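Q: File follows, target06.tsv with TSV, C-alpha atoms and all ligand atoms:
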chain	number	residue	atom	x	y	z
A	264	MET	CA	-14.94	62.03	-32.40
A	265	ILE	CA	-16.38	60.99	-35.73
A	266	HIS	CA	-14.95	62.76	-38.78
A	267	PHE	CA	-17.74	63.30	-41.29
A	268	LYS	CA	-16.60	63.43	-44.91
A	269	THR	CA	-17.71	65.78	-47.65
A	270	SER	CA	-18.67	64.23	-51.00
A	271	GLU	CA	-15.33	65.48	-52.38
A	272	GLU	CA	-13.55	63.60	-49.61
A	273	VAL	CA	-15.59	60.45	-50.22
A	274	GLN	CA	-14.64	60.75	-53.89
A	275	LYS	CA	-10.97	60.74	-52.90
A	276	ILE	CA	-11.49	57.67	-50.72
A	277	LYS	CA	-13.20	56.03	-53.70
A	278	GLU	CA	-10.16	56.74	-55.87
A	279	SER	CA	-7.93	55.25	-53.19
A	280	ALA	CA	-10.29	52.26	-53.03
A	281	ASP	CA	-10.03	51.79	-56.81
A	282	ILE	CA	-6.26	51.39	-56.56
A	283	LEU	CA	-6.81	49.02	-53.65
A	284	ALA	CA	-9.34	46.90	-55.55
A	285	LYS	CA	-6.93	46.54	-58.48
A	286	ALA	CA	-4.00	45.77	-56.16
A	287	HIS	CA	-6.07	42.95	-54.67
A	288	GLY	CA	-6.79	41.77	-58.22
A	289	GLU	CA	-3.07	41.61	-59.03
A	290	VAL	CA	-2.38	39.67	-55.86
A	291	ALA	CA	-5.26	37.29	-56.65
A	292	LYS	CA	-3.48	36.14	-59.84
A	293	HIS	CA	-0.69	34.72	-57.68
A	294	VAL	CA	-2.59	33.04	-54.85
A	295	LYS	CA	-1.81	29.37	-55.39
A	296	VAL	CA	-0.03	26.36	-53.92
A	297	GLY	CA	3.72	26.90	-53.59
A	298	VAL	CA	3.71	30.71	-53.56
A	299	LYS	CA	5.55	32.46	-50.75
A	300	THR	CA	3.38	34.93	-48.92
A	301	SER	CA	6.21	37.51	-49.04
A	302	TYR	CA	5.90	37.40	-52.84
A	303	LEU	CA	2.23	38.44	-52.61
A	304	ASP	CA	3.27	41.36	-50.44
A	305	LYS	CA	5.81	42.46	-53.05
A	306	ILE	CA	3.17	42.34	-55.81
A	307	ALA	CA	0.80	44.51	-53.78
A	308	GLU	CA	3.40	47.08	-52.77
A	309	GLU	CA	4.72	47.48	-56.32
A	310	PHE	CA	1.23	47.87	-57.75
A	311	ILE	CA	0.19	50.43	-55.16
A	312	ARG	CA	3.36	52.53	-55.57
A	313	ASP	CA	3.13	52.31	-59.39
A	314	HIS	CA	-0.33	53.91	-59.06
A	315	GLN	CA	0.73	56.84	-56.88
A	316	GLY	CA	-0.51	55.22	-53.69
A	317	VAL	CA	1.23	54.34	-50.46
A	318	PRO	CA	0.55	51.04	-48.67
A	319	SER	CA	-1.40	52.13	-45.57
A	320	PHE	CA	-0.16	49.32	-43.37
A	321	LYS	CA	3.56	49.53	-44.03
A	322	GLY	CA	5.08	51.26	-41.01
A	323	TYR	CA	1.69	51.64	-39.28
A	324	ASN	CA	2.63	51.31	-35.59
A	325	GLY	CA	5.70	49.52	-36.93
A	326	PHE	CA	3.87	46.91	-39.06
A	327	PRO	CA	6.54	45.62	-41.46
A	328	ALA	CA	4.58	44.97	-44.68
A	329	SER	CA	1.98	46.18	-47.16
A	330	LEU	CA	-0.33	43.23	-46.62
A	331	CYS	CA	-1.57	41.49	-43.53
A	332	ILE	CA	-1.44	37.83	-44.53
A	333	SER	CA	-3.25	35.50	-42.19
A	334	VAL	CA	-3.18	31.79	-42.97
A	335	ASN	CA	-5.58	29.18	-41.51
A	336	GLU	CA	-5.85	29.73	-37.73
A	337	VAL	CA	-4.39	33.23	-37.99
A	338	VAL	CA	-7.31	35.62	-37.65
A	339	VAL	CA	-5.66	38.89	-38.71
A	340	HIS	CA	-2.40	40.87	-38.67
A	341	GLY	CA	-0.15	38.03	-39.86
A	342	PHE	CA	3.17	38.95	-41.44
A	343	PRO	CA	4.07	38.02	-45.02
A	344	SER	CA	6.88	35.46	-44.76
A	345	GLU	CA	8.83	32.71	-46.48
A	346	TYR	CA	5.89	30.36	-45.83
A	347	GLU	CA	4.73	28.64	-49.03
A	348	LEU	CA	0.99	28.17	-49.47
A	349	LYS	CA	-0.12	24.57	-49.21
A	350	ASP	CA	-3.04	22.66	-50.64
A	351	GLY	CA	-5.98	23.08	-48.25
A	352	ASP	CA	-4.85	26.37	-46.70
A	353	ILE	CA	-7.02	29.43	-46.43
A	354	ILE	CA	-5.35	32.82	-46.67
A	355	SER	CA	-6.76	36.17	-45.63
A	356	ILE	CA	-5.22	39.10	-47.46
A	357	ASP	CA	-5.89	42.48	-45.93
A	358	CYS	CA	-4.64	45.65	-47.61
A	359	GLY	CA	-4.97	49.40	-47.29
A	360	VAL	CA	-4.09	52.22	-49.67
A	361	PHE	CA	-3.32	55.85	-48.86
A	362	HIS	CA	-3.88	58.17	-51.82
A	363	GLN	CA	-4.64	61.91	-52.05
A	364	GLY	CA	-4.64	62.08	-48.27
A	365	PHE	CA	-7.17	59.30	-47.65
A	366	HIS	CA	-7.10	55.63	-46.69
A	367	SER	CA	-9.16	52.72	-47.97
A	368	ASP	CA	-9.16	49.24	-46.46
A	369	SER	CA	-10.40	45.83	-47.61
A	370	ALA	CA	-9.77	42.14	-47.08
A	371	TYR	CA	-10.59	38.81	-48.69
A	372	THR	CA	-10.08	35.19	-47.65
A	373	TYR	CA	-9.12	32.69	-50.36
A	374	PRO	CA	-9.19	28.91	-50.39
A	375	VAL	CA	-5.92	27.45	-51.71
A	376	GLY	CA	-6.30	24.25	-53.71
A	377	GLU	CA	-8.64	21.65	-52.22
A	378	VAL	CA	-10.15	23.06	-49.06
A	379	SER	CA	-12.44	20.95	-46.86
A	380	ILE	CA	-16.17	21.56	-47.17
A	381	PRO	CA	-16.60	22.79	-43.56
A	382	VAL	CA	-13.90	25.41	-44.13
A	383	LEU	CA	-15.32	26.46	-47.52
A	384	ASN	CA	-18.67	26.89	-45.77
A	385	LEU	CA	-16.99	29.12	-43.16
A	386	LEU	CA	-15.59	31.32	-45.96
A	387	LYS	CA	-18.96	31.61	-47.66
A	388	ALA	CA	-20.80	32.41	-44.43
A	389	THR	CA	-18.24	35.05	-43.47
A	390	LYS	CA	-18.46	36.71	-46.87
A	391	ASP	CA	-22.27	36.58	-46.77
A	392	SER	CA	-22.21	38.11	-43.27
A	393	LEU	CA	-20.19	41.06	-44.58
A	394	TYR	CA	-22.95	41.86	-47.08
A	395	LEU	CA	-25.65	41.40	-44.42
A	396	GLY	CA	-23.72	43.90	-42.28
A	397	ILE	CA	-23.48	46.32	-45.22
A	398	GLU	CA	-27.27	46.04	-45.74
A	399	GLN	CA	-27.70	47.41	-42.22
A	400	ALA	CA	-25.11	50.17	-42.69
A	401	ILE	CA	-27.69	52.71	-43.77
A	402	PHE	CA	-28.57	56.24	-42.78
A	403	GLY	CA	-30.64	56.31	-39.59
A	404	ASN	CA	-29.59	52.86	-38.39
A	405	ARG	CA	-27.09	52.40	-35.57
A	406	ILE	CA	-23.69	50.72	-35.46
A	407	GLY	CA	-25.18	47.88	-33.38
A	408	ASP	CA	-27.51	46.98	-36.25
A	409	ILE	CA	-24.49	46.02	-38.36
A	410	GLY	CA	-22.93	43.76	-35.73
A	411	HIS	CA	-26.28	42.28	-34.81
A	412	ALA	CA	-26.93	41.17	-38.40
A	413	ILE	CA	-23.47	39.62	-38.70
A	414	GLN	CA	-23.56	37.88	-35.34
A	415	LYS	CA	-27.07	36.50	-35.73
A	416	PHE	CA	-26.30	35.02	-39.14
A	417	VAL	CA	-22.98	33.36	-38.33
A	418	GLU	CA	-23.92	32.11	-34.87
A	419	ALA	CA	-27.01	30.42	-36.32
A	420	LYS	CA	-24.57	28.40	-38.43
A	421	GLY	CA	-22.49	27.44	-35.39
A	422	TYR	CA	-19.60	29.84	-35.99
A	423	THR	CA	-18.25	32.39	-33.52
A	424	VAL	CA	-17.50	36.10	-33.71
A	425	VAL	CA	-14.16	37.54	-32.61
A	426	ARG	CA	-14.85	40.29	-30.07
A	427	GLU	CA	-11.46	41.89	-29.48
A	428	LEU	CA	-11.00	43.15	-33.05
A	429	VAL	CA	-13.57	45.27	-34.80
A	430	GLY	CA	-14.23	47.39	-37.88
A	431	HIS	CA	-13.66	51.13	-37.76
A	432	GLY	CA	-14.16	54.54	-39.25
A	433	LEU	CA	-11.43	55.65	-41.66
A	434	GLY	CA	-10.44	58.61	-43.77
A	435	LYS	CA	-7.38	60.76	-43.17
A	436	ASN	CA	-6.46	58.15	-40.57
A	437	LEU	CA	-6.53	54.40	-41.11
A	438	HIS	CA	-8.45	53.90	-37.90
A	439	GLU	CA	-10.99	56.48	-36.76
A	440	SER	CA	-14.14	56.49	-34.66
A	441	PRO	CA	-16.52	54.79	-34.44
A	442	GLU	CA	-15.60	51.19	-33.70
A	443	VAL	CA	-17.72	48.77	-35.74
A	444	PRO	CA	-18.07	45.50	-33.79
A	445	ASN	CA	-19.18	42.34	-35.55
A	446	TYR	CA	-21.60	41.59	-32.72
A	447	GLY	CA	-24.13	43.69	-30.87
A	448	LYS	CA	-27.66	44.65	-30.13
A	449	ARG	CA	-30.10	46.02	-32.64
A	450	GLY	CA	-30.63	49.77	-32.21
A	451	SER	CA	-27.51	50.26	-30.06
A	452	GLY	CA	-24.40	52.36	-30.57
A	453	PRO	CA	-23.67	55.49	-32.60
A	454	LEU	CA	-26.19	56.67	-35.17
A	455	LEU	CA	-25.21	56.21	-38.82
A	456	GLN	CA	-25.19	59.61	-40.45
A	457	SER	CA	-24.41	61.05	-43.85
A	458	GLY	CA	-20.68	61.46	-44.43
A	459	MET	CA	-19.59	58.53	-42.28
A	460	VAL	CA	-17.05	56.20	-43.88
A	461	ILE	CA	-16.55	52.88	-42.13
A	462	ALA	CA	-14.76	49.60	-42.69
A	463	ILE	CA	-16.93	46.58	-41.93
A	464	GLU	CA	-14.84	43.46	-41.39
A	465	PRO	CA	-16.28	40.31	-39.87
A	466	MET	CA	-13.68	37.95	-38.38
A	467	ILE	CA	-15.45	34.64	-37.94
A	468	ASN	CA	-14.08	31.45	-36.37
A	469	LEU	CA	-14.92	27.80	-36.95
A	470	GLY	CA	-14.30	26.92	-33.28
A	471	THR	CA	-13.92	29.09	-30.21
A	472	ARG	CA	-14.18	32.86	-30.51
A	473	ASN	CA	-11.18	33.22	-28.22
A	474	ILE	CA	-7.94	34.50	-29.68
A	475	VAL	CA	-4.32	34.82	-28.61
A	476	GLN	CA	-1.61	37.18	-29.75
A	477	GLU	CA	1.70	35.71	-30.84
A	478	ARG	CA	4.98	36.95	-29.34
A	479	ASP	CA	5.70	39.07	-32.43
A	480	GLY	CA	3.18	41.55	-30.99
A	481	TRP	CA	0.94	41.41	-34.08
A	482	THR	CA	-0.20	38.00	-35.25
A	483	ILE	CA	-3.61	37.09	-33.84
A	484	ARG	CA	-4.63	33.44	-33.98
A	485	THR	CA	-7.52	31.40	-32.67
A	486	ALA	CA	-6.96	29.92	-29.21
A	487	ASP	CA	-7.97	26.44	-30.45
A	488	ARG	CA	-6.01	26.76	-33.74
A	489	LYS	CA	-9.13	26.15	-35.82
A	490	PRO	CA	-9.51	28.27	-38.99
A	491	SER	CA	-10.77	31.84	-39.09
A	492	ALA	CA	-12.10	33.87	-42.03
A	493	HIS	CA	-12.10	37.62	-42.69
A	494	TYR	CA	-13.68	39.81	-45.38
A	495	GLU	CA	-13.77	43.58	-45.39
A	496	HIS	CA	-15.18	46.50	-47.35
A	497	THR	CA	-14.98	50.27	-46.87
A	498	VAL	CA	-18.41	51.89	-47.23
A	499	ALA	CA	-19.71	55.48	-47.27
A	500	ILE	CA	-23.09	56.38	-45.81
A	501	PHE	CA	-25.29	59.03	-47.38
A	502	GLU	CA	-28.84	60.00	-46.59
A	503	ASP	CA	-30.19	58.37	-49.75
A	504	ARG	CA	-27.75	55.48	-50.18
A	505	THR	CA	-24.76	53.53	-48.93
A	506	GLU	CA	-21.90	53.15	-51.34
A	507	VAL	CA	-19.40	50.28	-51.15
A	508	LEU	CA	-16.17	52.06	-52.07
A	509	THR	CA	-13.86	49.04	-52.17
A	510	SER	CA	-14.44	46.07	-54.47
A	511	HIS	CA	-13.65	42.37	-54.66
A	512	LYS	CA	-14.48	42.37	-58.38
A	513	TYR	CA	-10.90	42.07	-59.60
A	514	ILE	CA	-10.17	39.32	-57.08
A	515	GLU	CA	-13.11	37.27	-58.28
A	516	GLU	CA	-12.22	37.84	-61.94
A	517	ASN	CA	-8.60	36.82	-61.45
A	518	PHE	CA	-8.74	34.06	-58.87
A	519	LYS	CA	-9.54	30.61	-60.15
A	520	PHE	CA	-11.32	28.58	-57.49
B	601	MG	MG	-8.25	45.77	-43.40
B	602	MG	MG	-9.87	47.48	-41.34
Turn this file's structure into structure tokens for me.
A:
Amino acid sequence: MIHFKTSEEVQKIKESADILAKAHGEVAKHVKVGVKTSYLDKIAEEFIRDHQGVPSFKGYNGFPASLCISVNEVVVHGFPSEYELKDGDIISIDCGVFHQGFHSDSAYTYPVGEVSIPVLNLLKATKDSLYLGIEQAIFGNRIGDIGHAIQKFVEAKGYTVVRELVGHGLGKNLHESPEVPNYGKRGSGPLLQSGMVIAIEPMINLGTRNIVQERDGWTIRTADRKPSAHYEHTVAIFEDRTEVLTSHKYIEENFKF
């Protein structure tokens, strides 16, 4: 069942998303060679709690941290750890905030130091595909239009789309209906209606689309250990507009490429 939100509820999600955007911005200041990923998690958790939020992921089905930190071939759901970022890594940082009863969710993949051109191109294409998906996330379209736009764009560049993990509705729960795949057919799937709030989050691989889950029960990596990129926004659909509630603005202001 899809939970449709009132404008007051969307406003609350937007306030949650503001804290989230700024938490990402704080983390961005510290993404560099030599930093332990557990330190980034600490920065995010402190910032969120200092702003009357709760990290959505911490304790979610037993997830141990505030951030999902996914380095290189890790697609999503990596744990923060004692690993120190190295020159040439890419790091996906996914975070959610719960505030005033509502969740927001967004992710960003950073290059660390000197990253190879093919991998930088993967990051750019994945980020561009997110915005192409958002362009299709409009009143009267269908969920499949979003995935179709993402898939068509990235596959034309030779990349692959992860199938097993998808975007989602969110609100009072971190994951709600509908699922938002990053692949699909134009005109298929649930109708996009006013009051729907969804997270769109392409997970795009340089090599095979196949993934494996590590024995920790969470970490998802590519089967061929080639890099994977991930960007995510939470958006609200209204009859006359689609509003991107989360923001990467503070990341891009604070992170020096
Ligand atoms: Mg997320
Ligand atoms: Mg999500």
Q: Give me, as a tab-separated table, each residue of region 375-485 of chain A that comes within 9 Å of region 264-275 of chain A, together with its shortest interatomic pair and the distance in Å at one decimal, counting only C-alpha atoms, with rows ordered by chain and rising residue number.
A:
residue	atom	partner	partner_atom	distance
A:Gly432	CA	A:Ile265	CA	7.7
A:Leu433	CA	A:His266	CA	8.4
A:Gly434	CA	A:His266	CA	7.9
A:Lys435	CA	A:His266	CA	9.0
A:Glu439	CA	A:Ile265	CA	7.1
A:Ser440	CA	A:Ile265	CA	5.1
A:Pro441	CA	A:Ile265	CA	6.3
A:Gln456	CA	A:Phe267	CA	8.4
A:Ser457	CA	A:Phe267	CA	7.5
A:Gly458	CA	A:Lys268	CA	4.6
A:Met459	CA	A:Phe267	CA	5.2
A:Val460	CA	A:Lys268	CA	7.3
Q: Compile the contact shell of Phe326 (chain A) as a list of chain:residue names: residues with an atom at most 10 Å away, counting all atoms listed in the file, same-chain residues fewer than 3 positions apart removed.
A: A:Ser319, A:Phe320, A:Lys321, A:Gly322, A:Tyr323, A:Ser329, A:Leu330, A:Cys331, A:His340, A:Gly341, A:Phe342, A:Gly480, A:Trp481
Q: Write out as a ChimeraX atom specification which residues come within 8 Å of Asp487 (chain A) when counting all atoms listed in the file, dropping same-chain ones fewer than 5 positions away.
A: /A:470-471,473
Q: Go ahead and save the picked residues with C-alpha atoms, as a compact mmCIF listing (two decimals), in the coordinates of the input.
A:
# COMPACT_ATOMS: atom_id res chain seq x y z
CA GLY A 470 -14.30 26.92 -33.28
CA THR A 471 -13.92 29.09 -30.21
CA ASN A 473 -11.18 33.22 -28.22
Q: Leaving out Tyr446 (chain A) and any residue of its chain fewer than 6 positions from it, which residues lie within 6 Å of it when counting all atoms listed in the file, given as a ChimeraX atom specification?
A: /A:410-411,414
Q: Let me see the file: selected residues, C-alpha atoms, as a CSV table (one decimal), keeping the file's coordinate frame.
A:
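Contents of result.csv, freshly written:
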chain,number,residue,atom,x,y,z
A,410,GLY,CA,-22.9,43.8,-35.7
A,411,HIS,CA,-26.3,42.3,-34.8
A,414,GLN,CA,-23.6,37.9,-35.3
Q: Counting all atoms listed in the file, what residues are within 12 Å of ligand MG 601 (chain B), given as a VMD selection string?
A: chain A and resid 280 283 287 318 to 320 329 to 333 338 to 341 355 to 360 366 to 372 428 to 433 437 to 438 461 to 466 493 to 497 509
Q: Determine the nearest neighbour of ligand MG 602 (chain B) from the options A:Pro444, A:Pro453, A:Pro490, A:Gly316, counting all atoms listed in the file.
A: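 For ligand MG 602 (chain B), the nearest of the candidates is A:Pro444.
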Q: Find the residues near region 394-396 of chain A: any atom within 6 Å, counting all atoms listed in the file, skip ones fewer than 6 places away on the same chain, and give them as a list in words.
A: Ile409, Ala412 and Ile413 of chain A
Q: Could you work out how far CA of Ile474 (chain A) lies from CA of Gly407 (chain A), giving the answer in Å with one decimal?
A: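 About the pair CA of Gly407 (chain A) and CA of Ile474 (chain A): they are 22.1 Å apart.
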Q: Name the closest residue to Val334 (chain A) among the candidates A:Phe310, A:Tyr373, A:Tyr302, A:Phe361; distances are taken between atoms, counting all atoms listed in the file.
A: A:Tyr373
Q: How many Å lie between CA of Arg488 (chain A) and CA of Glu515 (chain A), rounded to one decimal?
A: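 Separating CA of Arg488 (chain A) from CA of Glu515 (chain A) is a distance of 27.6 Å.
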Q: So what do you get for CA of Asp479 (chain A) versus CA of Glu289 (chain A), distance-wise?
A: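 Taking CA of Asp479 (chain A) and CA of Glu289 (chain A), their separation equals 28.1 Å.
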Q: Given the choices A:Ile483, A:Ala286, A:Leu454, A:Asn436, which gets closest to ligand MG 602 (chain B) if the distance is worked out from all atoms listed in the file?
A: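 Looking at the shortest contact to ligand MG 602 (chain B), the residue is A:Asn436.
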Q: Kindly extract all protein, DNA and RNA residues lying within 7 Å of the coordinates (-4.0, 58.0, -54.8) given in the file, considering only C-alpha atoms, and supply them as a VMD selection string.
A: chain A and resid 278 to 279 314 to 316 361 to 363
Q: Would you please work out which residue, of A:Pro343, A:Val425, A:Phe501, A:Val443, is nearest to ligand MG 602 (chain B) when using all atoms listed in the file?
A: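 Of the candidates, the smallest distance to ligand MG 602 (chain B) is held by A:Val443.
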Q: So, counting only C-alpha atoms, which residue among A:Ile500, A:Val382, A:Val290, A:Asp281 is closest to Asn517 (chain A)?
A: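 With only C-alpha atoms as the atom set, the closest residue is A:Val290.
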Q: Using all atoms listed in the file, find the one residue out of A:Val498, A:Leu386, A:Lys415, A:Gly452 that sits nearest to ligand MG 602 (chain B).
A: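 That would be A:Val498, the residue with the smallest distance to ligand MG 602 (chain B).
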Q: Do you know which residues are at most 8 Å from Ser491 (chain A) counting all atoms listed in the file, after dropping those on the same chain fewer than 4 positions away, and could you put them as JSON, numbers by chain?
A: {"A": [335, 336, 337, 338, 385, 466, 467, 468, 469, 485]}
